[in-house]
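These notes are about the structure you will find just below.
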Amino acid sequence: MAKRLQVIVQDPEYRDIQRAARLRRMSIAEWVRQALVQARRSEPSREVASKLEVIRAAARMDFPTANIDRMLDEIERGYESGMQP
């Protein structure tokens, strides 16, 4: 179900929005809808505390690893052999 949203803006801001919409050959309403979609996509999908807890949990793990020089050597040999990931 669609909902109506009313937003009050000052005249100069309205003219800027109107100009931006006109440049893209779209209505002001469509320009605003697209701007809202873009703004929602740029918002983090999870809370910062939740993300930090995941990072802290991963940092507590103890995984086996190789000597850094050996790992870099193996990577370089893989590049030279033409191996694909």
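Labels for the structure tokens follow display order: chains A, B, ..., residues from 1 in each chain, ligands from 1.
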
Exercise for the section: Within 10 Å of segment 30-41 of chain A, counting only C-alpha atoms, which residues show up once you throw out same-chain ones fewer than 6 positions away? Write them as a PyMOL selection string, please. Expected result: chain A and resi 17-18+20-22+24

Please save N, CA and C atoms of the selected residues as a PDB file, in the first residue's frame.
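File out09.pdb, as written:
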```pdb
ATOM      1  N   ILE A  17      15.780  21.541  -5.983  1.00  0.00           N
ATOM      2  CA  ILE A  17      15.230  20.206  -6.254  1.00  0.00           C
ATOM      3  C   ILE A  17      14.526  20.195  -7.606  1.00  0.00           C
ATOM      4  N   GLN A  18      13.773  21.241  -7.867  1.00  0.00           N
ATOM      5  CA  GLN A  18      13.063  21.354  -9.142  1.00  0.00           C
ATOM      6  C   GLN A  18      14.054  21.350 -10.308  1.00  0.00           C
ATOM      7  N   ALA A  20      17.144  20.121 -10.312  1.00  0.00           N
ATOM      8  CA  ALA A  20      17.778  18.799 -10.409  1.00  0.00           C
ATOM      9  C   ALA A  20      16.854  17.808 -11.105  1.00  0.00           C
ATOM     10  N   ALA A  21      15.573  17.846 -10.775  1.00  0.00           N
ATOM     11  CA  ALA A  21      14.611  16.941 -11.411  1.00  0.00           C
ATOM     12  C   ALA A  21      14.479  17.251 -12.894  1.00  0.00           C
ATOM     13  N   ARG A  22      14.409  18.527 -13.223  1.00  0.00           N
ATOM     14  CA  ARG A  22      14.271  18.932 -14.626  1.00  0.00           C
ATOM     15  C   ARG A  22      15.476  18.467 -15.437  1.00  0.00           C
ATOM     16  N   ARG A  24      17.196  15.904 -15.043  1.00  0.00           N
ATOM     17  CA  ARG A  24      17.097  14.454 -15.250  1.00  0.00           C
ATOM     18  C   ARG A  24      15.809  14.058 -15.967  1.00  0.00           C
TER      19      ARG A  24
END
```

Practice task
Identify all residues of chain A in alpha helix (DSSP H) (DSSP on the backbone) and supply them as a PyMOL selection string.
Solution key: chain A and resi 11-23+28-42+48-60+68-81

Completion exercise
re atom CA of Arg4 of chain A and atom CA of Ser42 of chain A: distance 22.8 Å

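Taking atom CA of Ile55 of chain A and atom CA of Glu76 of chain A as endpoints, the distance between them is 29.0 Å.
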
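Minimum atom-to-atom distances from A:Ala29, A:Ala66, A:Val48, A:Met71 to Leu5 of chain A were compared using only C-alpha atoms, and the lowest value belongs to A:Ala29.
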
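Rounded to one decimal, atom CA of Gln6 of chain A and atom CA of Ser27 of chain A lie 15.4 Å from each other.
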